[in-house]
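Asks: Shown below is the structure under consideration.
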Amino acid sequence: MTDALGIGMVGYAFMGAAHSQAWRTAPAFFDLPLHPRMAAVCGRNEDAAGKVAQRFGWESVETDWRALLKRDDINVIDICTPGDTHAEIAIEALKAGKHVLCEKPLANNVAEAEAMTAAAAEAAKNGIRAMVGFTYRRTPAVALAQKLVADGRIGTIRHVRAQYLQDWLTDENAPLNWRLDKDKAGSGALGDIGAHIIDMAQYVTGSQIASVNGMLETFVKTRPIGGEHATLGGSASSDAERGPVTVDDAAVFTGRFVDGAIGVFEATRFANGRKNGLRLEVNGSKGSLAFDFEDMNVLEFFDGTEDPSIAGFRRIIVTEASHPYIAAWWPPGHGLGYEHGFTHQVVDFVNDIAAGKDPVPSFADGLAVQRVLDAVAASSEDGTTHTTGA
């Protein structure tokens, strides 16, 4: 590590903590061509941002993100704010010559995502890079799944099944937060967690979703204002004043891929007992793959070309040095966790900036996901098939 790469992070809550951990940890385990310097964290609440700065090692605090763009010691803007702010911050940062890492989903609608993608393409002409944060791609088992598909190990893909199951909203007295406000979040389970399974399915298969039929549902129409907030969920009195929930609680849709495969997708925050059940199964002409984030160090692989009398799903523990990202970490069998995907994201982003290479997933990839999200919402509204433009 020689040259410093100044990081300015906007937002400091759940995602801010995950990103802070990543910026702090990456240079300790990986040999990076540039040294991430945690220059500033930005939040409207100066006291709260200051506590995050002290906890994670940020050098300074700003209360206006525009101040980050004026600082010569900041090269990267890391956006960890609600979706309604992504477009303005990202576009202005790119115009100011700052590299941008933006949390998913890229935006709250297609128009914003298109503007962001256009800004990223223009900035790339001057060597400025932009990436959207679909960190589950960087789970070693998922990266291995993508490689097996690309290597032809499961043949022609026919079926894709993807679920993201959580339960933090099952209590109907969990209080309102920004994730339940359409103006801030864009959508509910569809965009918050459905975006992840859309991106993962397209990444692993190497094919985009061309058309969808969708159904959205809001089970609890109002929720308490105030109460005790947790990172996700929380609690409040049943007789507290309530406000409207303006997003979906659950999303279900079918999809047809460009290459002819068909898919079934489900995203919900009402699956009692499921904490972070992000699941993907891909069936092909030669075999199958299956992944569940609640057992994240494992990839299941079925080789349909083997002798049927001994064939079956094999459980691959993805912790060998030969597996993606693993060589920098622990001995075989010593599993990784949720936070490591964010570290891998930092590593890939820094390496791409140093190499003058456009990172992935790009803003164009984020736009592709946004088009699927918007098509699902439109299909739910009118009950017809909607295309994504892929």
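So you can find residues: chains in the structure tokens are A, B, ... in the order shown, residues in each start at 1, and ligands are numbered from 1 in order.
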Each residue of stretch 127-170 of chain A with at least one atom at most 10 Å from stretch 187-193 of chain A should appear once, together with its nearest atom pair and the corresponding distance in Å (one decimal); atoms considered: only C-alpha atoms; ordering: chain, then increasing residue number; output as a tab-separated table.
Replies:
residue	atom	partner	partner_atom	distance
A:Gln163	CA	A:Ile193	CA	9.2
A:Tyr164	CA	A:Ile193	CA	6.4
A:Leu165	CA	A:Ile193	CA	8.5
A:Gln166	CA	A:Ile193	CA	9.0
Asks: Write out as a list in words which residues come within 9 Å of A:Asn45 when counting only C-alpha atoms, dropping same-chain ones fewer than 4 positions away.
Replies: Ala49, Gly50 and Thr63 of chain A
Asks: Since we have the selection now, will you write its residues out, keeping N, CA and C atoms, as a short mmCIF file (atom, residue, chain, number, x, y, z; two decimals), in the first residue's frame?
Replies:
data_model
loop_
_atom_site.label_atom_id
_atom_site.label_comp_id
_atom_site.auth_asym_id
_atom_site.auth_seq_id
_atom_site.Cartn_x
_atom_site.Cartn_y
_atom_site.Cartn_z
N ALA A 49 -23.04 10.95 14.43
CA ALA A 49 -21.96 10.69 13.47
C ALA A 49 -20.61 10.69 14.16
N GLY A 50 -20.46 11.57 15.15
CA GLY A 50 -19.22 11.63 15.89
C GLY A 50 -18.95 10.35 16.67
N THR A 63 -21.49 17.35 8.42
CA THR A 63 -22.95 17.28 8.55
C THR A 63 -23.67 17.58 7.24
#
Asks: With a distance cut-off of 7 Å and only C-alpha atoms, select the neighbouring residues of stretch 111-122 of chain A, excluding the residue or stretch itself and same-chain residues fewer than 3 positions from it, and output the selection as number ranges by chain.
Replies: A: 87, 90-91, 94, 106-108, 125, 130, 363-364, 367
Asks: Store the residues picked out above, limited to N, CA and C atoms, as a compact mmCIF listing (two decimals), in the first residue's frame.
Replies:
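What landed in part.txt:
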# COMPACT_ATOMS: atom_id res chain seq x y z
N ALA A 87 -29.57 9.32 -5.91
CA ALA A 87 -29.33 9.94 -7.22
C ALA A 87 -28.61 11.27 -7.09
N ALA A 90 -24.91 10.78 -5.71
CA ALA A 90 -24.03 10.09 -6.64
C ALA A 90 -23.70 10.94 -7.86
N ILE A 91 -24.71 11.57 -8.43
CA ILE A 91 -24.49 12.37 -9.65
C ILE A 91 -23.56 13.55 -9.36
N LEU A 94 -19.94 12.28 -8.78
CA LEU A 94 -19.27 11.92 -10.03
C LEU A 94 -18.86 13.17 -10.81
N LEU A 106 -29.99 0.77 -6.49
CA LEU A 106 -29.30 1.95 -6.99
C LEU A 106 -30.12 3.22 -6.78
N ALA A 107 -31.43 3.14 -7.00
CA ALA A 107 -32.28 4.32 -6.91
C ALA A 107 -33.69 3.90 -6.51
N ASN A 108 -34.60 4.86 -6.49
CA ASN A 108 -36.00 4.56 -6.14
C ASN A 108 -36.87 4.33 -7.36
N LYS A 125 -15.19 8.31 -18.57
CA LYS A 125 -14.32 8.84 -19.62
C LYS A 125 -13.11 9.55 -19.03
N ALA A 130 -17.56 3.91 -10.68
CA ALA A 130 -18.78 3.83 -9.89
C ALA A 130 -19.21 2.38 -9.76
N PHE A 363 -23.15 0.66 -12.26
CA PHE A 363 -24.43 1.36 -12.20
C PHE A 363 -25.38 0.81 -13.27
N ALA A 364 -24.82 0.37 -14.40
CA ALA A 364 -25.67 -0.24 -15.44
C ALA A 364 -26.30 -1.53 -14.91
N LEU A 367 -29.09 -0.47 -12.72
CA LEU A 367 -30.22 -0.05 -13.54
C LEU A 367 -31.00 -1.26 -14.03
Asks: Residues near stretch 230-236 of chain A, anyone? I mean within 6 Å using only C-alpha atoms, not counting same-chain ones fewer than 4 positions away, as an MDAnalysis selection string.
Replies: chainID A and resid 168:169 173:174
Asks: Go ahead and write the residues just picked, C-alpha atoms, as a PDB file, in the first residue's frame.
Replies:
ATOM      1  CA  TRP A 168     -38.542  -8.572  11.402  1.00  0.00           C
ATOM      2  CA  LEU A 169     -41.959  -7.088  10.534  1.00  0.00           C
ATOM      3  CA  ASN A 173     -46.702  -3.174  16.380  1.00  0.00           C
ATOM      4  CA  ALA A 174     -43.141  -2.861  15.084  1.00  0.00           C
TER       5      ALA A 174
END
Asks: Name the residues in contact with stretch 345-360 of chain A at a cut-off of 8 Å, using only C-alpha atoms, excluding same-chain residues fewer than 3 positions from it; report them as an NGL selection string.
Replies: :A and (22-23 or 26 or 30 or 32-34 or 36 or 124 or 127-133 or 135 or 138 or 341-342 or 365)
Asks: Between atom CA of A:Pro224 and atom CA of A:Val245, what is the distance, to one decimal in Å?
Replies: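 Here the two named atoms are 9.9 Å from each other.
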Asks: Stretch 272-389 of chain A: which residues are strand (DSSP E) by DSSP, as JSON, numbers by chain?
Replies: {"A": [277, 278, 279, 280, 281, 282, 283, 284, 287, 288, 289, 290, 291, 292, 298, 299, 300, 301, 302, 303, 314, 315, 316, 317, 386, 387]}
Asks: Those residues with N, CA and C atoms, as a PDB file, in the first residue's frame please?
Replies:
ATOM      1  N   GLY A 277     -32.909 -15.550   5.278  1.00  0.00           N
ATOM      2  CA  GLY A 277     -32.964 -16.710   4.409  1.00  0.00           C
ATOM      3  C   GLY A 277     -32.897 -16.351   2.942  1.00  0.00           C
ATOM      4  N   LEU A 278     -31.722 -15.934   2.508  1.00  0.00           N
ATOM      5  CA  LEU A 278     -31.507 -15.634   1.098  1.00  0.00           C
ATOM      6  C   LEU A 278     -31.114 -16.944   0.421  1.00  0.00           C
ATOM      7  N   ARG A 279     -31.970 -17.426  -0.476  1.00  0.00           N
ATOM      8  CA  ARG A 279     -31.771 -18.738  -1.081  1.00  0.00           C
ATOM      9  C   ARG A 279     -31.803 -18.648  -2.597  1.00  0.00           C
ATOM     10  N   LEU A 280     -30.938 -19.447  -3.227  1.00  0.00           N
ATOM     11  CA  LEU A 280     -30.927 -19.522  -4.682  1.00  0.00           C
ATOM     12  C   LEU A 280     -30.700 -20.966  -5.092  1.00  0.00           C
ATOM     13  N   GLU A 281     -31.542 -21.459  -6.006  1.00  0.00           N
ATOM     14  CA  GLU A 281     -31.323 -22.769  -6.618  1.00  0.00           C
ATOM     15  C   GLU A 281     -31.401 -22.611  -8.121  1.00  0.00           C
ATOM     16  N   VAL A 282     -30.446 -23.206  -8.801  1.00  0.00           N
ATOM     17  CA  VAL A 282     -30.387 -23.159 -10.262  1.00  0.00           C
ATOM     18  C   VAL A 282     -30.320 -24.582 -10.780  1.00  0.00           C
ATOM     19  N   ASN A 283     -31.254 -24.951 -11.649  1.00  0.00           N
ATOM     20  CA  ASN A 283     -31.280 -26.283 -12.258  1.00  0.00           C
ATOM     21  C   ASN A 283     -30.925 -26.179 -13.730  1.00  0.00           C
ATOM     22  N   GLY A 284     -29.968 -27.001 -14.162  1.00  0.00           N
ATOM     23  CA  GLY A 284     -29.559 -27.008 -15.566  1.00  0.00           C
ATOM     24  C   GLY A 284     -29.623 -28.390 -16.168  1.00  0.00           C
ATOM     25  N   GLY A 287     -26.779 -30.403 -14.266  1.00  0.00           N
ATOM     26  CA  GLY A 287     -26.666 -30.422 -12.811  1.00  0.00           C
ATOM     27  C   GLY A 287     -27.428 -29.283 -12.167  1.00  0.00           C
ATOM     28  N   SER A 288     -27.192 -29.101 -10.870  1.00  0.00           N
ATOM     29  CA  SER A 288     -27.904 -28.081 -10.100  1.00  0.00           C
ATOM     30  C   SER A 288     -26.974 -27.477  -9.054  1.00  0.00           C
ATOM     31  N   LEU A 289     -27.332 -26.265  -8.619  1.00  0.00           N
ATOM     32  CA  LEU A 289     -26.654 -25.573  -7.538  1.00  0.00           C
ATOM     33  C   LEU A 289     -27.689 -25.064  -6.555  1.00  0.00           C
ATOM     34  N   ALA A 290     -27.356 -25.044  -5.257  1.00  0.00           N
ATOM     35  CA  ALA A 290     -28.262 -24.505  -4.252  1.00  0.00           C
ATOM     36  C   ALA A 290     -27.457 -23.795  -3.168  1.00  0.00           C
ATOM     37  N   PHE A 291     -27.958 -22.630  -2.749  1.00  0.00           N
ATOM     38  CA  PHE A 291     -27.282 -21.804  -1.743  1.00  0.00           C
ATOM     39  C   PHE A 291     -28.308 -21.225  -0.793  1.00  0.00           C
ATOM     40  N   ASP A 292     -27.956 -21.143   0.502  1.00  0.00           N
ATOM     41  CA  ASP A 292     -28.793 -20.518   1.523  1.00  0.00           C
ATOM     42  C   ASP A 292     -27.873 -19.706   2.425  1.00  0.00           C
ATOM     43  N   VAL A 298     -21.513 -22.738   2.714  1.00  0.00           N
ATOM     44  CA  VAL A 298     -21.790 -23.994   2.012  1.00  0.00           C
ATOM     45  C   VAL A 298     -22.440 -23.727   0.661  1.00  0.00           C
ATOM     46  N   LEU A 299     -21.984 -24.459  -0.360  1.00  0.00           N
ATOM     47  CA  LEU A 299     -22.657 -24.501  -1.648  1.00  0.00           C
ATOM     48  C   LEU A 299     -22.989 -25.950  -1.945  1.00  0.00           C
ATOM     49  N   GLU A 300     -24.251 -26.209  -2.297  1.00  0.00           N
ATOM     50  CA  GLU A 300     -24.651 -27.550  -2.694  1.00  0.00           C
ATOM     51  C   GLU A 300     -24.574 -27.674  -4.216  1.00  0.00           C
ATOM     52  N   PHE A 301     -23.959 -28.769  -4.679  1.00  0.00           N
ATOM     53  CA  PHE A 301     -23.750 -28.969  -6.111  1.00  0.00           C
ATOM     54  C   PHE A 301     -24.128 -30.395  -6.475  1.00  0.00           C
ATOM     55  N   PHE A 302     -24.967 -30.534  -7.492  1.00  0.00           N
ATOM     56  CA  PHE A 302     -25.341 -31.849  -8.013  1.00  0.00           C
ATOM     57  C   PHE A 302     -24.793 -31.983  -9.426  1.00  0.00           C
ATOM     58  N   ASP A 303     -23.998 -33.006  -9.655  1.00  0.00           N
ATOM     59  CA  ASP A 303     -23.429 -33.274 -10.968  1.00  0.00           C
ATOM     60  C   ASP A 303     -24.247 -34.367 -11.636  1.00  0.00           C
ATOM     61  N   ARG A 314     -23.702 -32.769  -3.388  1.00  0.00           N
ATOM     62  CA  ARG A 314     -22.541 -32.724  -2.509  1.00  0.00           C
ATOM     63  C   ARG A 314     -22.521 -31.380  -1.786  1.00  0.00           C
ATOM     64  N   ARG A 315     -22.114 -31.414  -0.552  1.00  0.00           N
ATOM     65  CA  ARG A 315     -22.076 -30.222   0.295  1.00  0.00           C
ATOM     66  C   ARG A 315     -20.641 -29.693   0.312  1.00  0.00           C
ATOM     67  N   ILE A 316     -20.409 -28.622  -0.426  1.00  0.00           N
ATOM     68  CA  ILE A 316     -19.068 -28.059  -0.542  1.00  0.00           C
ATOM     69  C   ILE A 316     -18.881 -26.990   0.541  1.00  0.00           C
ATOM     70  N   ILE A 317     -17.916 -27.214   1.435  1.00  0.00           N
ATOM     71  CA  ILE A 317     -17.570 -26.203   2.424  1.00  0.00           C
ATOM     72  C   ILE A 317     -16.619 -25.218   1.739  1.00  0.00           C
ATOM     73  N   HIS A 386     -45.091  -7.745 -17.733  1.00  0.00           N
ATOM     74  CA  HIS A 386     -44.338  -6.555 -18.093  1.00  0.00           C
ATOM     75  C   HIS A 386     -42.922  -6.951 -18.480  1.00  0.00           C
ATOM     76  N   THR A 387     -42.404  -6.324 -19.516  1.00  0.00           N
ATOM     77  CA  THR A 387     -41.037  -6.568 -19.952  1.00  0.00           C
ATOM     78  C   THR A 387     -40.087  -5.601 -19.274  1.00  0.00           C
TER      79      THR A 387
END
Asks: From the list A:Phe253, A:Pro361, A:Asn297, A:Met200, which residue is nearest A:Tyr136 when using only C-alpha atoms?
Replies: A:Met200
Asks: Return the single residue from A:Gln202, A:Asn109, A:Thr170, A:Ser309 that is closest to A:Ala375, with distances computed using only C-alpha atoms.
Replies: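 The shortest atom-to-atom distance to A:Ala375 comes from A:Asn109.
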Asks: Counting only C-alpha atoms, what is within 12 Å of A:Asp151, bar same-chain residues fewer than 4 positions away, as a ChimeraX atom specification?
Replies: /A:144-147,155-156,204-206,286
Asks: Tell me which of A:Glu266, A:Asp239, A:Asp84, A:Glu320 sits closest to A:Gly214, counting only C-alpha atoms.
Replies: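 Nearest candidate to A:Gly214 out of A:Glu266, A:Asp239, A:Asp84, A:Glu320: A:Glu266.
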